[in-house]
Amino acid sequence: MARKYEGRAVGIDLGTTYSCVAVWQEQHSRVEIIHNDQGNRTTPSFVAFSDDQRLIGDAAKNQTSANPENTVFDIMLWPFKVVAGVNDKPMITLKYKDQEKQFCAEEISSMVLTKMREVAEAYLQSPVKNAVVTVPAYFNDAQRKATIDAGAIAGINVIRIINEPTAAAIAYGLDKRSDFDGKRNIFVFDLGGGTFDVSILTINGDVFEVKATAGNTHLGGEDFDNRMVNYFVEEFKKKNKVDISGNARALRRLRTACEKAKRILSFAFVTTVDVDSLFNGIDFSSSISRAKFEEINMDLFNECMEIVASCLSDSKVYKSDIDDVVLVGGSSRIPKVQDLLQDFFKGKDLCKSINLDEAVAYGAAVQAAILSEGFKNVPNLVLRDVTALSLGIEANVECILDVVIPRNTSVPVKKTKRYSTAKDNHCSVPIKVYEGERARAADNNLLGSFFLSCLPGAPRGQPLDVCFSIDENGILTVSAKEISTGNMNEITITNDKERLSTFEIKKMIEEAETYHLEDQKFLRKAEVISGLDSCVYNIKNALQKKDVYSMLTYQESEKINNAITVAMNLLDKNNQQKEIDVLEGHLKQLNSMLENLKVKTG
Ligand code: ADP
Ligand code: MG
């Protein structure tokens, strides 16, 4: 029996465009999707910095057009290309309180995770420490590790990483399995905002077993938006003889309008796109048909179908043996995508019974309940997932990738392969670990490398064992051992160079705490200002009452009028001297005056 985690763990779908948090509800034996402070069940994965505050979620998304340079969205834990010699992580530069600050992707993701944690804590009314976080199935080793690090910065212990389509299959299967009769093959099609994933699973009683997975971590709804943006930029150029492609604000506003139009085209056949004063005071007004939208995106839709075909062939399940095709992700609402998928499966009906936007968080919450102690009535379920990418080492002489663990192998897995030294008198053998599907090692993603020292003076052909081990989260450890005349060496890859160090994570946790305090301070100040504003309003109203001044002494009315003048000064937007203590002190004073006034005037 696996170890159980203390407390009630939640499930978090950390999406590229929307995130969602859910928790197992033992009373009702089902999952509750938790709504955020705006009452929404999904939260935009947006982070923004303005002159005086940090915003996360809906508030950040809503101010994007006005502040595009300081708004981060589509933040993916990119596989930070690890090319030999390039150690620098990509950093995002943003302006906060008039200062340039640099953030790495993990930090931005951690802010979204923090928001989701707070949403859950407000609902559960208790601290949330543990979470199951979902990632696109096609995420690589570095992206998975980065997700765990992002959790740590957000104060969340990521107890398990599960793949998004697998989580969606749990949501689907849990609901339907009582109707299943024996084994059932499920095809999950998850087309989101920035990523595309497909998985084939077999559900057999309590066992959910992934057979194959495939995808593209850079393909999704935002690409469709971009195509439409480019289309209209060209149109604008033709009409107005100006190129707006270098103007971030204009592009951002156009993109927002295009995203809206795209959604409308999922149920209408034509729609308009209007942006007032798009560039140099020129209004933009145009329209686009569903057919045009499909035409400009057809190659991307076809790419999705190629991935579908490749996943199916990897799984060795026949097309005709797929029982259910399940749709997940906002972009799978696009009619053309559904048509192509349905054609691929020879006219089979697509399952739309689960909620496209919530299924992933739903499945994550089920897995969280299984792994933590705090729940009753937890469903029985065993999950078996697979690796998305092949893993191997560079074979010495030929520089080809020698695969140790082929893609779509069940995890957890441990595999040892025997190699031998290639030269006489080797002092050390380089072991370079790669992930990917290309034949030449260098064409794949280098995960890390190390040297294994050998017995001095030995001839070539000395045996050495390389062991690859992948845990439940899909995270890899590699060790190597030289077996010559009883001597052994063993090295394990622990920290990839693009991964954050413990020290860096600690520093970011401290920074996150600072931001949190500043956010709270900002909110408190906003609250006091609004309190002050309404108090002034109420006092003024009270003073309007008939004969009020006759009930007050001259000193009393002087004092009240002075206090109102001071408050109005404090509320003045141009007045920079707004220390929260000063504001609070004045609010207290005004409130007691208001109370007195009420007592005196009845
Ligand atoms: P992710 O998991 O990557 O965050 P989601 O599954 O939440 O993404 O899907 C978000 C994407 O779905 C966005 O690109 C959004 O524009 C797109 N989308 C949402 N509704 C529709 C719709 N009705 N038609 C087309 N695309 C849609
Ligand atoms: Mg998603």
# chains A, B, ... in the order shown; residues from 1 in each chain; ligands from 1

$ residues_near_ligand --ligand "ligand 2" --cutoff "10 Å" --atoms "only C-alpha atoms and all ligand atoms" --output "PyMOL selection string"
chain A and resi 13-20+134-136+164-165+168+190-197+328-331+356-361

$ select_by_dssp --residues "stretch 77-306 of chain A" --states "strand (DSSP E)" --output "MDAnalysis selection string"
chainID A and resid 91:96 99:104 130:135 157:163 184:191 196:204 207:216 270:279 282:289

$ closest_residue --among "A:Tyr138, A:Asp443, A:Arg144, A:Ala152" --to "A:Cys311" --atoms "only C-alpha atoms"
A:Tyr138

$ closest_residue --among "A:Ile505, A:Leu401, A:Met116, A:Val188" --to "A:Gly436" --atoms "only C-alpha atoms"
A:Leu401

$ closest_residue --among "A:Val582, A:Leu251, A:Ala167, A:Ala261" --to "ligand 1" --atoms "only C-alpha atoms and all ligand atoms"
A:Ala261

$ residues_around --residues "A:Leu523" --least-positions-apart "5" --cutoff "12 Å" --atoms "only C-alpha atoms" --output "ChimeraX atom specification"
/A:52-55,516-518,528-530,580

$ residues_around --residues "A:Val275" --least-positions-apart "6" --cutoff "9 Å" --atoms "only C-alpha atoms" --output "MDAnalysis selection string"
chainID A and resid 253:254 257 283:285

$ closest_residue --among "A:Gly11, A:Gly220, A:Pro379, A:Gly151" --to "ligand 1" --atoms "only C-alpha atoms and all ligand atoms"
A:Gly220

$ select_by_dssp --residues "stretch 473-595 of chain A" --states "helix (DSSP H, G or I)" --output "ChimeraX atom specification"
/A:502-544,548-551,554-571,580-595

$ write_last_selection --atoms "C-alpha atoms" --output "PDB file, in the first residue's frame"
ATOM      1  CA  THR A 502      17.271  24.150  -3.577  1.00  0.00           C
ATOM      2  CA  PHE A 503      18.779  27.531  -2.827  1.00  0.00           C
ATOM      3  CA  GLU A 504      16.973  29.199  -5.733  1.00  0.00           C
ATOM      4  CA  ILE A 505      13.686  27.614  -4.726  1.00  0.00           C
ATOM      5  CA  LYS A 506      14.144  28.823  -1.158  1.00  0.00           C
ATOM      6  CA  LYS A 507      14.820  32.339  -2.410  1.00  0.00           C
ATOM      7  CA  MET A 508      11.722  32.252  -4.602  1.00  0.00           C
ATOM      8  CA  ILE A 509       9.570  31.039  -1.717  1.00  0.00           C
ATOM      9  CA  GLU A 510      10.740  34.058   0.261  1.00  0.00           C
ATOM     10  CA  GLU A 511      10.005  36.347  -2.671  1.00  0.00           C
ATOM     11  CA  ALA A 512       6.579  34.787  -3.088  1.00  0.00           C
ATOM     12  CA  GLU A 513       5.919  35.587   0.563  1.00  0.00           C
ATOM     13  CA  THR A 514       6.921  39.231  -0.056  1.00  0.00           C
ATOM     14  CA  TYR A 515       4.557  39.470  -3.025  1.00  0.00           C
ATOM     15  CA  HIS A 516       1.817  37.896  -0.970  1.00  0.00           C
ATOM     16  CA  LEU A 517       2.295  40.449   1.819  1.00  0.00           C
ATOM     17  CA  GLU A 518       2.311  43.281  -0.693  1.00  0.00           C
ATOM     18  CA  ASP A 519      -0.866  41.950  -2.301  1.00  0.00           C
ATOM     19  CA  GLN A 520      -2.523  41.809   1.094  1.00  0.00           C
ATOM     20  CA  LYS A 521      -1.350  45.293   1.941  1.00  0.00           C
ATOM     21  CA  PHE A 522      -2.728  46.543  -1.342  1.00  0.00           C
ATOM     22  CA  LEU A 523      -6.079  44.899  -0.723  1.00  0.00           C
ATOM     23  CA  ARG A 524      -6.251  46.237   2.821  1.00  0.00           C
ATOM     24  CA  LYS A 525      -5.518  49.705   1.533  1.00  0.00           C
ATOM     25  CA  ALA A 526      -8.166  49.389  -1.162  1.00  0.00           C
ATOM     26  CA  GLU A 527     -10.635  48.290   1.485  1.00  0.00           C
ATOM     27  CA  VAL A 528      -9.806  51.234   3.761  1.00  0.00           C
ATOM     28  CA  ILE A 529     -10.046  53.695   0.877  1.00  0.00           C
ATOM     29  CA  SER A 530     -13.435  52.373  -0.073  1.00  0.00           C
ATOM     30  CA  GLY A 531     -14.492  52.466   3.607  1.00  0.00           C
ATOM     31  CA  LEU A 532     -13.349  56.043   3.875  1.00  0.00           C
ATOM     32  CA  ASP A 533     -15.174  56.943   0.700  1.00  0.00           C
ATOM     33  CA  SER A 534     -18.470  55.515   1.878  1.00  0.00           C
ATOM     34  CA  CYS A 535     -18.055  56.978   5.359  1.00  0.00           C
ATOM     35  CA  VAL A 536     -17.594  60.472   3.893  1.00  0.00           C
ATOM     36  CA  TYR A 537     -20.670  59.884   1.767  1.00  0.00           C
ATOM     37  CA  ASN A 538     -22.712  58.773   4.776  1.00  0.00           C
ATOM     38  CA  ILE A 539     -21.621  61.697   6.952  1.00  0.00           C
ATOM     39  CA  LYS A 540     -22.407  64.148   4.187  1.00  0.00           C
ATOM     40  CA  ASN A 541     -25.826  62.555   3.866  1.00  0.00           C
ATOM     41  CA  ALA A 542     -26.394  62.732   7.603  1.00  0.00           C
ATOM     42  CA  LEU A 543     -25.474  66.417   7.552  1.00  0.00           C
ATOM     43  CA  GLN A 544     -28.133  67.038   4.912  1.00  0.00           C
ATOM     44  CA  VAL A 548     -28.914  68.863  12.023  1.00  0.00           C
ATOM     45  CA  TYR A 549     -26.631  71.780  12.784  1.00  0.00           C
ATOM     46  CA  SER A 550     -28.861  72.948  15.608  1.00  0.00           C
ATOM     47  CA  MET A 551     -28.161  69.678  17.376  1.00  0.00           C
ATOM     48  CA  TYR A 554     -20.120  74.953  16.759  1.00  0.00           C
ATOM     49  CA  GLN A 555     -16.946  73.028  17.705  1.00  0.00           C
ATOM     50  CA  GLU A 556     -18.577  69.727  16.819  1.00  0.00           C
ATOM     51  CA  SER A 557     -19.652  70.804  13.352  1.00  0.00           C
ATOM     52  CA  GLU A 558     -16.249  72.452  12.746  1.00  0.00           C
ATOM     53  CA  LYS A 559     -14.555  69.188  13.708  1.00  0.00           C
ATOM     54  CA  ILE A 560     -16.735  67.137  11.393  1.00  0.00           C
ATOM     55  CA  ASN A 561     -16.272  69.479   8.450  1.00  0.00           C
ATOM     56  CA  ASN A 562     -12.513  69.521   8.979  1.00  0.00           C
ATOM     57  CA  ALA A 563     -12.428  65.726   9.128  1.00  0.00           C
ATOM     58  CA  ILE A 564     -14.369  65.558   5.860  1.00  0.00           C
ATOM     59  CA  THR A 565     -11.898  67.922   4.189  1.00  0.00           C
ATOM     60  CA  VAL A 566      -8.976  65.827   5.406  1.00  0.00           C
ATOM     61  CA  ALA A 567     -10.660  62.635   4.181  1.00  0.00           C
ATOM     62  CA  MET A 568     -11.343  64.146   0.768  1.00  0.00           C
ATOM     63  CA  ASN A 569      -7.692  65.117   0.542  1.00  0.00           C
ATOM     64  CA  LEU A 570      -6.610  61.619   1.440  1.00  0.00           C
ATOM     65  CA  LEU A 571      -8.932  60.187  -1.163  1.00  0.00           C
ATOM     66  CA  ILE A 580      -2.312  52.810   5.374  1.00  0.00           C
ATOM     67  CA  ASP A 581      -2.029  53.656   9.093  1.00  0.00           C
ATOM     68  CA  VAL A 582      -2.951  57.280   8.401  1.00  0.00           C
ATOM     69  CA  LEU A 583      -5.928  56.151   6.325  1.00  0.00           C
ATOM     70  CA  GLU A 584      -7.047  53.658   8.929  1.00  0.00           C
ATOM     71  CA  GLY A 585      -6.698  56.172  11.764  1.00  0.00           C
ATOM     72  CA  HIS A 586      -8.778  58.668   9.906  1.00  0.00           C
ATOM     73  CA  LEU A 587     -11.405  56.108   8.996  1.00  0.00           C
ATOM     74  CA  LYS A 588     -11.749  55.187  12.681  1.00  0.00           C
ATOM     75  CA  GLN A 589     -12.178  58.832  13.633  1.00  0.00           C
ATOM     76  CA  LEU A 590     -14.751  59.443  10.925  1.00  0.00           C
ATOM     77  CA  ASN A 591     -16.676  56.305  11.825  1.00  0.00           C
ATOM     78  CA  SER A 592     -17.015  57.356  15.426  1.00  0.00           C
ATOM     79  CA  MET A 593     -18.147  60.814  14.306  1.00  0.00           C
ATOM     80  CA  LEU A 594     -20.759  59.170  12.115  1.00  0.00           C
ATOM     81  CA  GLU A 595     -21.972  57.045  15.057  1.00  0.00           C
TER      82      GLU A 595
END

$ closest_residue --among "A:Tyr172, A:Phe279, A:Trp24, A:Phe293" --to "ligand 1" --atoms "only C-alpha atoms and all ligand atoms"
A:Phe293

$ closest_residue --among "A:Leu174, A:Leu219, A:Ala146, A:Leu201" --to "ligand 1" --atoms "only C-alpha atoms and all ligand atoms"
A:Leu219

$ residues_around --residues "A:Asn157" --least-positions-apart "3" --cutoff "10 Å" --atoms "only C-alpha atoms" --output "PyMOL selection string"
chain A and resi 5+9+128-133+148-154+160
